[in-house]
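J.: A single structure is presented below for examination.
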Amino acid sequence: MGRLYQRPSQPMTLQIKPELASWERAGHPSQVRLSRFLDHVATLAEPVGAGVDGPLAIEMVVGLPENVTLIAGGRDLDNFLCPVAQRIGAGRLAAVFGRKVHAARSSLAVGPAVPQAGAPVPQFTTHMVGSYEHKAWKEELRDRLLAAHLVPADPGPVWMQVSLTTGPGRTWTNLWKPLLDSFGPVLGADPAHPFSPYDDRIVDLGLHHAVDASLGHGVSIDAWWGVHGSPCARELGQ
């Protein structure tokens, strides 16, 4: 089973609101806003990270206005987290957490990656080979989720924890999007768009990483999920 880590403590208030990943051209307003936000993240994270000898864990809490839903609207937590993780340095990170809450401010916590003792058996586990850049990788993962006859997450807000074990030298943040795009059997998806799941209803996300030299270019995946606030969530420290 993949390794899980504890959430870091001592959050720092963000003075600039978090921005989603942008695939627009350089100089586009969304890219400018994202760059400004990531510069702010770096000013907070770098001094803390410099004082930690070893891998880091981070958590970003995205505060949204009360009149904005937490479970729709395309505000996917992985799209908030990925640019932050890449700016801090994916190779330095062993765990990345994100939450969406109704609050006036957002926050960022950075600290040493502390392994979590004990966890329930994963609801889904598999080993993937091949390149995540190819559609066949996502199709294979989705087919395995379907073949496992999993019970989909109930409607409403959900939590999810995913542990990825890779060989050395892999940029593990690059796996996040194709992996979550394949989780329609758990999160629900429009049948016409099976690789666009309703992952914006994840309000609490944890992504964990371990390295196993024997895996080469393969990746082992362990996943847990459920209704936000459920007993299993508390057992996993959510």
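Labels used: A, B, ... for chains in the order of the structure tokens, numbers from 1 for residues in each chain, and numbers from 1 for ligands as shown.
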Quick one: residues within 10 Å of Pro168 in chain A, only C-alpha atoms counted, chain neighbours fewer than 6 positions away excluded, as a list in words?

T.: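 Listing them by chain and then by number gives Gly91, Ala210, Val211, Asp212, Ala213, Ser214, Leu215, Gly216 and His217 of chain A.
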
J.: Write out as a count of residues only all residues of range 22-237 of chain A that DSSP puts in strand (DSSP E) for this structure's backbone.

T.: 59

J.: Quick one: residues within 12 Å of range 134-139 of chain A, only C-alpha atoms, excluding same-chain residues fewer than 4 positions away - as an NGL selection string?

T.: :A and (127-130 or 143-146 or 175-185 or 194-196 or 218-219)

J.: Write out as a Markdown table the residues of range 105-214 of chain A that have any atom within 6 Å of an atom of range 222-230 of chain A, one row each with the nearest atom pair and its distance in Å to one decimal, counting only C-alpha atoms, sorted by chain and then rising number.

T.:
| residue | atom | partner | partner_atom | distance |
| --- | --- | --- | --- | --- |
| A:Pro122 | CA | A:Trp224 | CA | 5.4 |
| A:Gln123 | CA | A:Trp224 | CA | 5.4 |
| A:Phe124 | CA | A:Ala223 | CA | 5.3 |
| A:Thr125 | CA | A:Asp222 | CA | 4.4 |
| A:Ala153 | CA | A:Gly226 | CA | 5.8 |
| A:Pro157 | CA | A:His228 | CA | 5.7 |
| A:Val158 | CA | A:His228 | CA | 4.6 |
| A:Trp159 | CA | A:His228 | CA | 5.2 |
| A:Met160 | CA | A:Trp225 | CA | 4.2 |
| A:Gln161 | CA | A:Trp224 | CA | 5.2 |
| A:Val162 | CA | A:Ala223 | CA | 4.5 |
| A:Ser163 | CA | A:Asp222 | CA | 5.1 |

J.: Just want the 7 Å neighbourhood of range 57-64 of chain A, counted on only C-alpha atoms, with same-chain residues fewer than 6 positions away dropped. Output as a PyMOL selection string.

T.: chain A and resi 7-8+18+93-113

J.: Residues at most 10 Å from Leu34 in chain A, counting only C-alpha atoms, excluding those fewer than 5 positions away in the same chain, as a compact mmCIF listing (two decimals) with C-alpha atoms, in the first residue's frame?

T.:
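Output (result-v5.txt):
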# COMPACT_ATOMS: atom_id res chain seq x y z
CA LYS A 17 -6.41 34.90 -3.91
CA PRO A 18 -5.48 31.52 -5.39
CA GLU A 19 -5.59 31.15 -9.15
CA LEU A 20 -6.39 28.11 -11.26
CA ALA A 21 -3.89 26.67 -13.73
CA SER A 22 -4.04 28.46 -17.06
CA HIS A 28 -2.90 36.46 -21.16
CA PRO A 29 -4.57 38.04 -18.09
CA ASP A 39 5.36 34.81 -6.79
CA HIS A 40 3.43 35.46 -3.58
CA PHE A 80 -5.39 25.08 -7.92
CA PRO A 83 0.87 25.28 -10.30
CA VAL A 84 1.72 25.78 -6.63

J.: Taking only C-alpha atoms into account, name the residue in A:His149, A:Arg142, A:Arg170, A:Arg201 that is nearest to Ala90 in chain A.

T.: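 Under the stated criterion, the closest residue is A:Arg170.
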